[in-house]
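Undergrad: So here's protein.txt (compact mmCIF, C-alpha atoms).
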# COMPACT_ATOMS: atom_id res chain seq x y z
CA MET A 1 -7.83 26.63 64.41
CA SER A 2 -6.70 23.98 61.96
CA ASP A 3 -8.66 23.04 58.89
CA PRO A 4 -10.18 19.59 59.62
CA LYS A 5 -9.59 18.50 55.97
CA THR A 6 -5.82 18.90 56.17
CA PRO A 7 -3.13 17.89 58.62
CA THR A 8 -2.58 21.51 59.67
CA GLY A 9 -4.07 24.87 58.93
CA ASP A 10 -0.96 25.99 57.03
CA PRO A 11 -1.94 26.76 53.39
CA ASP A 12 1.41 25.57 52.05
CA VAL A 13 1.07 22.24 53.80
CA ALA A 14 -2.53 22.02 52.69
CA LEU A 15 -1.58 22.48 49.02
CA GLU A 16 1.19 19.93 49.38
CA ALA A 17 -1.18 17.43 50.92
CA THR A 18 -3.60 17.74 48.01
CA GLY A 19 -0.83 17.30 45.45
CA SER A 20 -0.89 20.92 44.28
CA VAL A 21 2.61 21.91 45.43
CA ASP A 22 5.88 20.51 44.15
CA PRO A 23 7.81 20.02 47.42
CA ALA A 24 11.13 20.42 45.59
CA VAL A 25 10.53 23.96 44.34
CA GLY A 26 7.43 25.06 46.11
CA ALA A 27 5.67 25.80 42.83
CA ARG A 28 2.00 25.21 42.30
CA VAL A 29 1.28 22.55 39.71
CA LEU A 30 -2.00 21.57 38.08
CA THR A 31 -3.99 18.75 39.59
CA PRO A 32 -5.01 15.83 37.36
CA GLU A 33 -8.57 17.13 37.18
CA GLU A 34 -7.66 20.56 35.81
CA PRO A 35 -6.19 19.70 32.36
CA ALA A 36 -8.47 16.74 31.71
CA ALA A 37 -10.37 18.25 28.78
CA ASP A 38 -7.41 19.92 27.15
CA GLY A 39 -5.25 16.85 27.76
CA ARG A 40 -7.54 14.53 25.85
CA TRP A 41 -7.65 16.79 22.80
CA SER A 42 -3.93 17.50 22.87
CA ARG A 43 -3.10 13.81 23.17
CA ALA A 44 -5.42 12.97 20.27
CA LEU A 45 -3.92 15.73 18.13
CA ARG A 46 -0.40 14.63 19.04
CA GLU A 47 -1.16 11.02 18.06
CA ILE A 48 -2.50 12.21 14.71
CA VAL A 49 0.43 14.44 13.79
CA THR A 50 3.05 11.93 14.96
CA GLY A 51 1.40 8.79 13.59
CA ASN A 52 2.31 6.81 10.51
CA ALA A 53 -0.93 7.62 8.68
CA ILE A 54 -0.21 11.35 8.49
CA ILE A 55 3.28 10.61 7.11
CA SER A 56 1.74 8.55 4.29
CA VAL A 57 -0.78 11.28 3.47
CA LEU A 58 1.85 14.01 3.49
CA ALA A 59 4.17 11.87 1.37
CA VAL A 60 1.46 11.71 -1.30
CA VAL A 61 0.89 15.47 -1.04
CA LEU A 62 4.60 16.23 -1.42
CA ALA A 63 4.88 13.89 -4.40
CA LEU A 64 1.90 15.56 -6.09
CA LEU A 65 3.42 19.00 -5.48
CA ILE A 66 6.72 17.97 -7.05
CA GLY A 67 4.75 16.36 -9.86
CA ALA A 68 3.00 19.68 -10.43
CA VAL A 69 6.38 21.38 -10.78
CA MET A 70 7.44 18.81 -13.36
CA ILE A 71 4.16 19.16 -15.28
CA ALA A 72 4.59 22.92 -15.43
CA ALA A 73 8.25 22.65 -16.42
CA THR A 74 7.47 20.37 -19.38
CA ASP A 75 4.49 22.37 -20.64
CA GLU A 76 5.15 24.29 -23.88
CA ASN A 77 2.91 27.22 -22.95
CA VAL A 78 4.72 27.68 -19.64
CA GLN A 79 8.07 27.58 -21.39
CA ALA A 80 6.91 30.17 -23.92
CA ALA A 81 5.56 32.47 -21.21
CA GLY A 82 8.81 32.08 -19.29
CA GLY A 83 10.63 33.87 -22.11
CA TYR A 84 9.04 37.20 -21.15
CA PHE A 85 8.39 36.52 -17.47
CA PHE A 86 9.79 39.83 -16.22
CA ALA A 87 7.70 41.79 -18.70
CA ARG A 88 4.42 40.01 -17.99
CA PRO A 89 4.76 37.64 -15.02
CA GLY A 90 1.00 37.10 -14.89
CA ASP A 91 1.07 35.20 -18.18
CA MET A 92 3.50 32.64 -16.83
CA LEU A 93 1.56 32.18 -13.59
CA SER A 94 -1.65 31.74 -15.57
CA ALA A 95 0.04 29.20 -17.85
CA ILE A 96 1.35 27.27 -14.84
CA TRP A 97 -2.11 27.16 -13.28
CA GLU A 98 -3.75 26.01 -16.51
CA SER A 99 -1.11 23.35 -17.04
CA VAL A 100 -1.23 21.86 -13.53
CA ALA A 101 -5.00 22.22 -13.05
CA GLY A 102 -5.68 20.73 -16.47
CA ALA A 103 -3.38 17.77 -15.85
CA TYR A 104 -4.75 16.91 -12.41
CA SER A 105 -8.32 17.49 -13.59
CA ALA A 106 -7.70 14.98 -16.38
CA LEU A 107 -6.16 12.63 -13.81
CA PHE A 108 -9.29 12.88 -11.65
CA GLN A 109 -11.69 12.44 -14.57
CA GLY A 110 -9.75 9.45 -15.80
CA ALA A 111 -9.64 7.82 -12.38
CA VAL A 112 -12.82 8.77 -10.51
CA TYR A 113 -15.58 10.44 -12.50
CA ASN A 114 -15.79 11.90 -15.98
CA PHE A 115 -18.03 14.98 -15.91
CA ARG A 116 -18.07 15.14 -19.71
CA ARG A 117 -20.15 11.98 -19.99
CA PRO A 118 -23.89 12.39 -20.52
CA ASP A 119 -25.08 10.16 -17.67
CA PHE A 120 -23.94 8.74 -14.35
CA LEU A 121 -23.42 5.17 -15.54
CA THR A 122 -20.90 6.17 -18.19
CA GLY A 123 -19.40 8.92 -16.02
CA ILE A 124 -18.55 6.45 -13.26
CA ARG A 125 -16.71 4.12 -15.63
CA PRO A 126 -13.28 5.63 -14.74
CA LEU A 127 -13.80 4.58 -11.12
CA THR A 128 -14.38 0.99 -12.23
CA GLU A 129 -11.16 1.19 -14.24
CA THR A 130 -9.34 2.38 -11.11
CA LEU A 131 -10.68 -0.57 -9.14
CA THR A 132 -9.71 -2.92 -11.97
CA PHE A 133 -6.12 -1.68 -11.89
CA ALA A 134 -6.19 -1.79 -8.08
CA THR A 135 -7.37 -5.40 -7.87
CA PRO A 136 -4.00 -7.16 -8.40
CA LEU A 137 -2.17 -4.39 -6.53
CA ILE A 138 -4.26 -5.00 -3.42
CA ALA A 139 -3.74 -8.77 -3.52
CA ALA A 140 0.01 -8.55 -4.15
CA GLY A 141 0.38 -5.69 -1.65
CA LEU A 142 -1.23 -7.82 1.04
CA GLY A 143 1.29 -10.56 0.38
CA VAL A 144 4.24 -8.20 0.68
CA ALA A 145 2.73 -6.51 3.76
CA LEU A 146 2.19 -9.80 5.57
CA ALA A 147 5.82 -10.73 5.00
CA PHE A 148 6.86 -7.30 6.28
CA ARG A 149 4.93 -7.90 9.52
CA VAL A 150 7.01 -11.04 10.10
CA GLY A 151 10.23 -9.16 9.45
CA MET A 152 10.75 -10.58 5.95
CA PHE A 153 11.13 -8.82 2.60
CA ASN A 154 9.29 -10.59 -0.18
CA ILE A 155 10.88 -9.04 -3.27
CA GLY A 156 9.84 -12.00 -5.43
CA GLY A 157 6.41 -10.79 -6.44
CA ARG A 158 7.22 -10.95 -10.13
CA GLY A 159 8.30 -14.57 -10.04
CA GLN A 160 5.39 -15.62 -7.87
CA MET A 161 2.94 -13.90 -10.19
CA LEU A 162 4.48 -15.55 -13.26
CA VAL A 163 4.33 -19.10 -11.92
CA ALA A 164 0.81 -18.47 -10.59
CA ALA A 165 -0.26 -17.12 -13.98
CA ALA A 166 1.29 -20.16 -15.70
CA ALA A 167 -0.51 -22.61 -13.41
CA ALA A 168 -3.87 -20.83 -13.51
CA GLY A 169 -3.55 -20.24 -17.26
CA TRP A 170 -2.79 -23.89 -18.02
CA VAL A 171 -5.86 -24.96 -16.04
CA GLY A 172 -7.86 -22.14 -17.64
CA PHE A 173 -7.28 -23.19 -21.26
CA GLY A 174 -6.08 -26.79 -21.00
CA VAL A 175 -8.66 -28.38 -18.68
CA GLU A 176 -12.35 -28.77 -19.38
CA LEU A 177 -14.54 -28.45 -16.29
CA PRO A 178 -18.05 -27.16 -15.52
CA TRP A 179 -18.61 -23.44 -14.95
CA GLY A 180 -17.80 -22.37 -11.43
CA ILE A 181 -15.72 -25.43 -10.62
CA HIS A 182 -13.32 -24.57 -13.43
CA MET A 183 -12.77 -21.07 -12.08
CA ILE A 184 -12.21 -22.34 -8.53
CA VAL A 185 -9.73 -25.00 -9.63
CA ALA A 186 -7.77 -22.48 -11.72
CA LEU A 187 -7.80 -20.03 -8.81
CA LEU A 188 -6.52 -22.62 -6.34
CA ALA A 189 -3.87 -23.82 -8.80
CA GLY A 190 -2.51 -20.30 -9.24
CA MET A 191 -2.47 -19.52 -5.52
CA ALA A 192 -0.81 -22.86 -4.75
CA ALA A 193 1.90 -22.22 -7.35
CA GLY A 194 2.60 -18.77 -5.90
CA ALA A 195 2.71 -20.20 -2.38
CA ILE A 196 5.15 -22.94 -3.34
CA TRP A 197 7.42 -20.52 -5.20
CA ALA A 198 7.56 -18.14 -2.22
CA GLY A 199 7.79 -21.07 0.20
CA ILE A 200 11.16 -21.98 -1.33
CA ALA A 201 12.58 -18.71 0.01
CA GLY A 202 10.97 -19.25 3.41
CA LEU A 203 12.28 -22.79 3.66
CA LEU A 204 15.80 -21.79 2.67
CA LYS A 205 15.79 -19.00 5.25
CA ALA A 206 14.53 -21.35 7.95
CA ARG A 207 16.92 -24.21 7.17
CA THR A 208 20.07 -22.48 5.95
CA GLY A 209 19.69 -18.83 6.97
CA ALA A 210 19.73 -17.67 3.34
CA HIS A 211 18.48 -14.09 3.09
CA GLU A 212 15.04 -13.96 1.53
CA VAL A 213 15.81 -10.81 -0.47
CA ILE A 214 18.59 -12.50 -2.43
CA VAL A 215 16.63 -15.73 -2.85
CA THR A 216 13.42 -14.07 -4.03
CA ILE A 217 15.28 -11.84 -6.50
CA MET A 218 17.02 -14.88 -7.98
CA LEU A 219 13.73 -16.77 -8.11
CA ASN A 220 12.29 -13.89 -10.15
CA TYR A 221 14.79 -14.63 -12.91
CA VAL A 222 14.26 -18.38 -12.63
CA ALA A 223 10.50 -17.92 -12.99
CA LEU A 224 10.88 -15.48 -15.89
CA TYR A 225 13.07 -17.77 -17.98
CA LEU A 226 11.11 -20.86 -17.00
CA VAL A 227 7.78 -19.34 -18.06
CA SER A 228 9.37 -17.86 -21.21
CA TRP A 229 10.59 -21.33 -22.16
CA MET A 230 7.16 -22.83 -21.50
CA LEU A 231 5.54 -20.12 -23.65
CA SER A 232 7.88 -20.99 -26.52
CA THR A 233 7.41 -24.75 -26.27
CA PRO A 234 4.47 -26.43 -28.06
CA GLY A 235 2.48 -28.67 -25.78
CA LEU A 236 3.18 -26.62 -22.65
CA LEU A 237 1.86 -23.05 -22.65
CA GLN A 238 2.32 -21.99 -26.26
CA ALA A 239 -0.85 -21.67 -28.32
CA PRO A 240 -1.17 -24.48 -30.91
CA GLY A 241 -0.19 -23.41 -34.41
CA SER A 242 1.43 -20.16 -33.21
CA ASN A 243 5.07 -19.16 -33.34
CA ASN A 244 4.58 -16.36 -30.81
CA PRO A 245 5.33 -16.94 -27.12
CA THR A 246 1.71 -16.59 -26.03
CA THR A 247 -0.94 -18.91 -24.61
CA PRO A 248 -4.36 -19.74 -26.02
CA GLY A 249 -7.35 -17.81 -24.74
CA MET A 250 -8.98 -18.90 -21.50
CA ARG A 251 -12.11 -21.01 -21.61
CA ASP A 252 -15.30 -19.16 -20.78
CA THR A 253 -15.93 -21.44 -17.81
CA ALA A 254 -12.67 -20.31 -16.13
CA ILE A 255 -12.97 -16.55 -16.64
CA LEU A 256 -13.81 -14.39 -13.62
CA PRO A 257 -17.30 -12.93 -14.23
CA ASP A 258 -17.84 -9.22 -14.78
CA LEU A 259 -19.43 -7.34 -11.89
CA PHE A 260 -21.31 -4.70 -13.89
CA GLY A 261 -21.70 -6.24 -17.32
CA ALA A 262 -19.68 -6.24 -20.52
CA GLY A 263 -19.44 -2.44 -20.64
CA TYR A 264 -17.10 -2.40 -17.65
CA ASN A 265 -13.80 -4.18 -17.07
CA LEU A 266 -14.27 -4.65 -13.31
CA HIS A 267 -14.50 -8.36 -12.55
CA PHE A 268 -15.02 -10.73 -9.64
CA GLY A 269 -11.32 -10.57 -8.79
CA PHE A 270 -11.98 -7.29 -6.96
CA ILE A 271 -14.35 -9.11 -4.60
CA LEU A 272 -11.68 -11.76 -4.06
CA SER A 273 -9.17 -9.01 -3.17
CA LEU A 274 -11.61 -7.53 -0.64
CA ILE A 275 -12.07 -10.97 0.89
CA ALA A 276 -8.29 -11.28 1.07
CA VAL A 277 -8.14 -7.97 2.98
CA VAL A 278 -10.57 -9.33 5.59
CA VAL A 279 -8.74 -12.66 5.84
CA VAL A 280 -5.33 -11.05 6.29
CA TRP A 281 -6.76 -8.65 8.89
CA TYR A 282 -8.20 -11.59 10.81
CA ILE A 283 -4.94 -13.54 10.60
CA LEU A 284 -2.81 -10.66 11.83
CA GLU A 285 -5.12 -9.13 14.42
CA ARG A 286 -7.37 -11.92 15.73
CA SER A 287 -5.61 -15.25 15.35
CA SER A 288 -2.90 -16.94 17.39
CA LEU A 289 -0.89 -17.40 14.19
CA GLY A 290 -1.01 -13.65 13.62
CA PHE A 291 0.17 -13.03 17.18
CA ARG A 292 3.16 -15.27 16.53
CA PHE A 293 3.79 -13.53 13.21
CA ARG A 294 3.85 -10.14 14.91
CA ALA A 295 6.01 -11.40 17.78
CA VAL A 296 8.60 -12.74 15.34
CA GLY A 297 8.47 -9.52 13.37
CA GLU A 298 9.08 -7.41 16.46
CA ASN A 299 11.90 -9.49 17.94
CA PRO A 300 12.65 -13.01 16.69
CA HIS A 301 15.06 -13.68 19.57
CA ALA A 302 12.46 -12.82 22.19
CA ALA A 303 9.86 -14.84 20.30
CA ARG A 304 12.18 -17.84 20.31
CA VAL A 305 12.71 -17.50 24.06
CA ALA A 306 8.92 -17.35 24.49
CA GLY A 307 8.59 -20.74 22.83
CA ILE A 308 7.60 -19.70 19.30
CA ASN A 309 9.06 -21.77 16.48
CA VAL A 310 10.57 -18.89 14.50
CA LYS A 311 11.68 -21.06 11.58
CA SER A 312 8.18 -22.39 11.07
CA MET A 313 6.80 -18.84 11.16
CA TYR A 314 9.13 -17.86 8.32
CA VAL A 315 7.89 -20.75 6.19
CA TYR A 316 4.21 -20.15 6.97
CA ALA A 317 4.54 -16.42 6.31
CA MET A 318 6.13 -16.92 2.90
CA LEU A 319 3.56 -19.55 1.95
CA ILE A 320 0.67 -17.20 2.74
CA SER A 321 2.49 -14.26 1.17
CA GLY A 322 3.11 -16.20 -2.03
CA ALA A 323 -0.51 -17.33 -2.19
CA LEU A 324 -1.70 -13.72 -1.98
CA VAL A 325 0.74 -12.60 -4.67
CA GLY A 326 -0.38 -15.61 -6.69
CA LEU A 327 -3.95 -14.32 -6.41
CA ALA A 328 -2.76 -11.19 -8.20
CA GLY A 329 -1.40 -13.35 -11.02
CA VAL A 330 -4.69 -15.24 -11.25
CA ASN A 331 -6.58 -11.94 -11.48
CA GLN A 332 -4.41 -10.93 -14.41
CA VAL A 333 -4.94 -14.18 -16.30
CA LEU A 334 -8.59 -14.92 -15.60
CA GLY A 335 -9.89 -11.39 -15.24
CA THR A 336 -7.90 -8.99 -17.41
CA VAL A 337 -5.87 -10.76 -20.11
CA THR A 338 -8.28 -13.61 -20.88
CA THR A 339 -7.35 -13.89 -24.57
CA GLY A 340 -3.92 -15.28 -23.74
CA PHE A 341 -0.82 -13.93 -22.05
CA SER A 342 2.93 -13.65 -22.49
CA SER A 343 5.86 -13.32 -20.09
CA GLY A 344 4.90 -9.69 -19.43
CA ILE A 345 1.70 -10.70 -17.66
CA ASP A 346 2.99 -9.38 -14.32
CA ALA A 347 2.99 -5.80 -15.74
CA GLY A 348 5.35 -4.62 -12.99
CA ILE A 349 2.72 -5.35 -10.32
CA GLY A 350 5.14 -7.48 -8.30
CA PHE A 351 7.36 -4.46 -7.71
CA ASP A 352 4.51 -1.95 -7.38
CA ALA A 353 3.17 -4.14 -4.57
CA ILE A 354 6.21 -3.21 -2.48
CA THR A 355 5.28 0.45 -2.83
CA VAL A 356 1.65 -0.30 -1.96
CA ALA A 357 2.69 -2.21 1.17
CA LEU A 358 5.00 0.62 2.27
CA LEU A 359 2.37 3.29 1.68
CA GLY A 360 -0.22 1.20 3.50
CA ARG A 361 2.15 0.77 6.46
CA SER A 362 1.79 -3.03 6.13
CA THR A 363 -1.78 -2.98 7.43
CA PRO A 364 -4.63 -4.62 5.47
CA VAL A 365 -6.81 -1.49 5.39
CA GLY A 366 -3.82 0.68 4.53
CA VAL A 367 -2.91 -1.65 1.65
CA LEU A 368 -6.49 -1.45 0.39
CA VAL A 369 -6.41 2.35 0.32
CA ALA A 370 -2.90 2.46 -1.16
CA GLY A 371 -3.85 -0.06 -3.84
CA ILE A 372 -6.85 2.01 -4.89
CA LEU A 373 -4.68 5.15 -4.94
CA PHE A 374 -2.11 3.54 -7.21
CA GLY A 375 -4.90 2.12 -9.33
CA ALA A 376 -6.14 5.68 -9.73
CA PHE A 377 -2.66 6.78 -10.80
CA LYS A 378 -2.58 4.07 -13.45
CA ALA A 379 -6.09 4.72 -14.75
CA GLY A 380 -5.82 8.51 -14.61
CA GLY A 381 -2.29 8.63 -15.99
CA PHE A 382 -3.42 7.42 -19.41
CA SER A 383 -6.24 9.97 -19.44
CA MET A 384 -3.84 12.73 -18.41
CA GLN A 385 -1.49 11.81 -21.23
CA ALA A 386 -4.26 11.65 -23.84
CA ALA A 387 -6.10 14.83 -22.78
CA GLU A 388 -3.23 17.12 -21.81
CA GLY A 389 -0.19 15.57 -23.45
CA VAL A 390 1.51 15.06 -20.08
CA PRO A 391 4.11 12.25 -20.24
CA ILE A 392 2.96 9.11 -18.45
CA ASP A 393 6.43 8.90 -16.93
CA ILE A 394 5.53 11.76 -14.58
CA VAL A 395 3.03 9.45 -12.87
CA LEU A 396 5.82 6.93 -12.37
CA VAL A 397 8.02 9.67 -10.92
CA VAL A 398 5.23 10.63 -8.49
CA GLN A 399 4.94 7.00 -7.36
CA SER A 400 8.69 6.82 -6.85
CA LEU A 401 8.68 10.05 -4.85
CA ILE A 402 5.97 8.64 -2.59
CA VAL A 403 8.28 5.74 -1.77
CA LEU A 404 11.15 8.14 -1.17
CA PHE A 405 9.20 10.27 1.30
CA ILE A 406 7.73 7.26 3.08
CA ALA A 407 11.24 5.89 3.52
CA ALA A 408 12.35 9.19 5.09
CA PRO A 409 9.79 10.18 7.76
CA PRO A 410 12.19 12.67 9.40
CA LEU A 411 12.32 14.58 6.11
CA VAL A 412 8.52 14.81 5.96
CA ARG A 413 8.35 15.90 9.60
CA ALA A 414 11.00 18.54 9.01
CA ILE A 415 9.19 19.97 5.97
CA PHE A 416 5.84 20.20 7.75
CA ARG A 417 7.36 20.92 11.20
CA LEU A 418 5.70 17.93 12.83
CA PRO A 419 6.81 16.79 16.30
CA ALA A 420 8.81 13.62 16.63
CA PRO A 421 6.84 10.49 17.57
CA GLY A 422 6.58 10.02 21.30
CA GLY A 423 7.38 13.65 21.98
CA ARG A 424 5.72 15.17 25.01
CA PRO A 425 4.02 18.54 24.95
CA ARG A 426 5.66 21.32 26.85
CA ARG A 427 4.24 21.86 30.32
CA ALA A 428 2.60 25.17 30.89
CA ARG A 429 4.57 27.65 32.93
CA ASN A 430 3.51 28.01 36.52
CA THR A 431 1.25 30.98 36.83
CA LYS A 432 1.44 31.11 40.57
CA LYS A 433 4.26 30.42 42.93
CA VAL A 434 3.80 29.53 46.53
CA SER A 435 6.79 29.98 48.80
CA ALA A 436 7.94 26.81 50.48
CA ARG A 437 8.60 26.77 54.14
So that I can check it, write out the structure of this file as structure tokens.

TA:
Amino acid sequence: MSDPKTPTGDPDVALEATGSVDPAVGARVLTPEEPAADGRWSRALREIVTGNAIISVLAVVLALLIGAVMIAATDENVQAAGGYFFARPGDMLSAIWESVAGAYSALFQGAVYNFRRPDFLTGIRPLTETLTFATPLIAAGLGVALAFRVGMFNIGGRGQMLVAAAAAGWVGFGVELPWGIHMIVALLAGMAAGAIWAGIAGLLKARTGAHEVIVTIMLNYVALYLVSWMLSTPGLLQAPGSNNPTTPGMRDTAILPDLFGAGYNLHFGFILSLIAVVVVWYILERSSLGFRFRAVGENPHAARVAGINVKSMYVYAMLISGALVGLAGVNQVLGTVTTGFSSGIDAGIGFDAITVALLGRSTPVGVLVAGILFGAFKAGGFSMQAAEGVPIDIVLVVQSLIVLFIAAPPLVRAIFRLPAPGGRPRRARNTKKVSAR
């Protein structure tokens, strides 16, 4: 008698009717309900190990490991113990451990918390220094990241920071306004100058097709020599009565206020950078302008067919990007170097911002984390050099290695044996075979 739940009483036909038999080979396969629990966990794990975030984390780990090798190789005690390694190998291993552990411990205490301080308020001061260094990196990194999302490479961070610093600085020392209003006007002047300087590259790309990389690099030199000339010319940016190419100090009404008092260097610019993170996230993820930005970044030809004005998106993207990089220049002038500045006010931040944007995978939250990490490298690097005698150049090498590994994801995956993105897990072998009729 046939089973009423299946077309016939034949077990093979019954399994085939319920989707449990592959009709091509007659092999039993798992139904969708069977691997549900394991499938969710395996998919989640696969997304983690093949995602961009894990590549960034592992790139930092690899760079720190290579940095540890360099620290050990340059340590005098390690070199001395290496002379009799085969006689007493334990001495060299101990020297390596002391060298690397001491250096990275000094890096941590100079960037996060100093356990040698008597109380919490003084012990946490290194963290505030990290955030101070991170403030312009976050702002400039957001500008570079936003341009990346539109498919553009803003390499002109240095020039945009210089013109923004010149504009904000001139308002900061040359204009007399009430407290609060003075700071806002100087801030807007700096951001506007950065936006205009970057907008030149966007406009040239939109109108003539000029590549933004070449244009922004050339604009870096134009801005450098322009600001240098202004710093050497009385009546423009040069301090009155001085022969040095520096500006006067900023007026007190224009300076960004300290967040935790005079004993800490962290200023209101960090709050402005956090606000910028939220604004950029909203633009990219929640606004129609951000949707058009991302569409152009993915495929400008398809975006053009869909009715998006690609040329306008290039101009808008560079304007916003330049304003964000300009915010970094304003932070330097009104928050850090308030006694006057020279042509070195950018402090290499315009180029470091490219690294921050790459490490942060061009996402606002990623840029925030990457900016804080690089701020920690800067703050802790000086402590590591002072406490352990480790050359500060090693920190720069570590930063460069991070960029190298981020630019070569297949290398990172090969070292850690990670699956390729989009790879499917192997299907379990059939444990039971049903003969097909």

Undergrad: Skip Ser56 in chain A itself and residues of its chain fewer than 6 positions away, then list as an mmCIF file with C-alpha atoms, in the frame of the given file all residues within 9 Å of it, counting all atoms listed in the file.

TA:
data_model
loop_
_atom_site.group_PDB
_atom_site.id
_atom_site.type_symbol
_atom_site.label_atom_id
_atom_site.label_comp_id
_atom_site.auth_asym_id
_atom_site.auth_seq_id
_atom_site.Cartn_x
_atom_site.Cartn_y
_atom_site.Cartn_z
ATOM 1 C CA LEU A 358 5.000 0.620 2.270
ATOM 2 C CA LEU A 359 2.370 3.290 1.680
ATOM 3 C CA GLY A 360 -0.220 1.200 3.500
ATOM 4 C CA ARG A 361 2.150 0.770 6.460
ATOM 5 C CA ILE A 402 5.970 8.640 -2.590
ATOM 6 C CA PHE A 405 9.200 10.270 1.300
ATOM 7 C CA ILE A 406 7.730 7.260 3.080
ATOM 8 C CA PRO A 409 9.790 10.180 7.760
#

Undergrad: So how far away is CA of Ala198 in chain A from CA of His301 in chain A, in Å?

TA: 23.5 Å

Undergrad: Nearest residue to Asp393 in chain A out of A:Phe108, A:Ile255, A:Gly381, A:Tyr314, using all atoms listed in the file?

TA: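 Of the candidates, the smallest distance to Asp393 in chain A is held by A:Gly381.
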
Undergrad: Leaving out Ala357 in chain A and any residue of its chain fewer than 6 positions from it, which residues lie within 10 Å of it when counting all atoms listed in the file, given as JSON, numbers by chain?

TA: {"A": [137, 138, 140, 141, 142, 143, 144, 145, 146, 147, 148, 363, 364, 366, 367, 368, 370, 371]}

Undergrad: Would you list the contacts of range 338-349 of chain A as a PyMOL selection string, taking every protein, DNA or RNA residue within 8 Å and counting all atoms listed in the file, but skipping same-chain residues closer than 4 positions in sequence?

TA: chain A and resi 136-137+140+157-158+161-162+165+224+227-228+231+245-250+255+329+332-334+353

Undergrad: Please dump the current selection as a compact mmCIF listing (two decimals), in the coordinates of the input; keep C-alpha atoms.

TA:
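The result, stored in again-v3.txt:
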# COMPACT_ATOMS: atom_id res chain seq x y z
CA PRO A 136 -4.00 -7.16 -8.40
CA LEU A 137 -2.17 -4.39 -6.53
CA ALA A 140 0.01 -8.55 -4.15
CA GLY A 157 6.41 -10.79 -6.44
CA ARG A 158 7.22 -10.95 -10.13
CA MET A 161 2.94 -13.90 -10.19
CA LEU A 162 4.48 -15.55 -13.26
CA ALA A 165 -0.26 -17.12 -13.98
CA LEU A 224 10.88 -15.48 -15.89
CA VAL A 227 7.78 -19.34 -18.06
CA SER A 228 9.37 -17.86 -21.21
CA LEU A 231 5.54 -20.12 -23.65
CA PRO A 245 5.33 -16.94 -27.12
CA THR A 246 1.71 -16.59 -26.03
CA THR A 247 -0.94 -18.91 -24.61
CA PRO A 248 -4.36 -19.74 -26.02
CA GLY A 249 -7.35 -17.81 -24.74
CA MET A 250 -8.98 -18.90 -21.50
CA ILE A 255 -12.97 -16.55 -16.64
CA GLY A 329 -1.40 -13.35 -11.02
CA GLN A 332 -4.41 -10.93 -14.41
CA VAL A 333 -4.94 -14.18 -16.30
CA LEU A 334 -8.59 -14.92 -15.60
CA ALA A 353 3.17 -4.14 -4.57

Undergrad: Please define a box with edges along x, y and z of the file around all atoms of range 189-207 of chain A given in the file, extend it by 3 Å on each side, and return its centre and edge lengths in Å to one decimal, as lines of an AutoDock Vina configuration file.

TA:
center_x = 6.5
center_y = -21.2
center_z = -0.6
size_x = 26.8
size_y = 12.1
size_z = 23.2
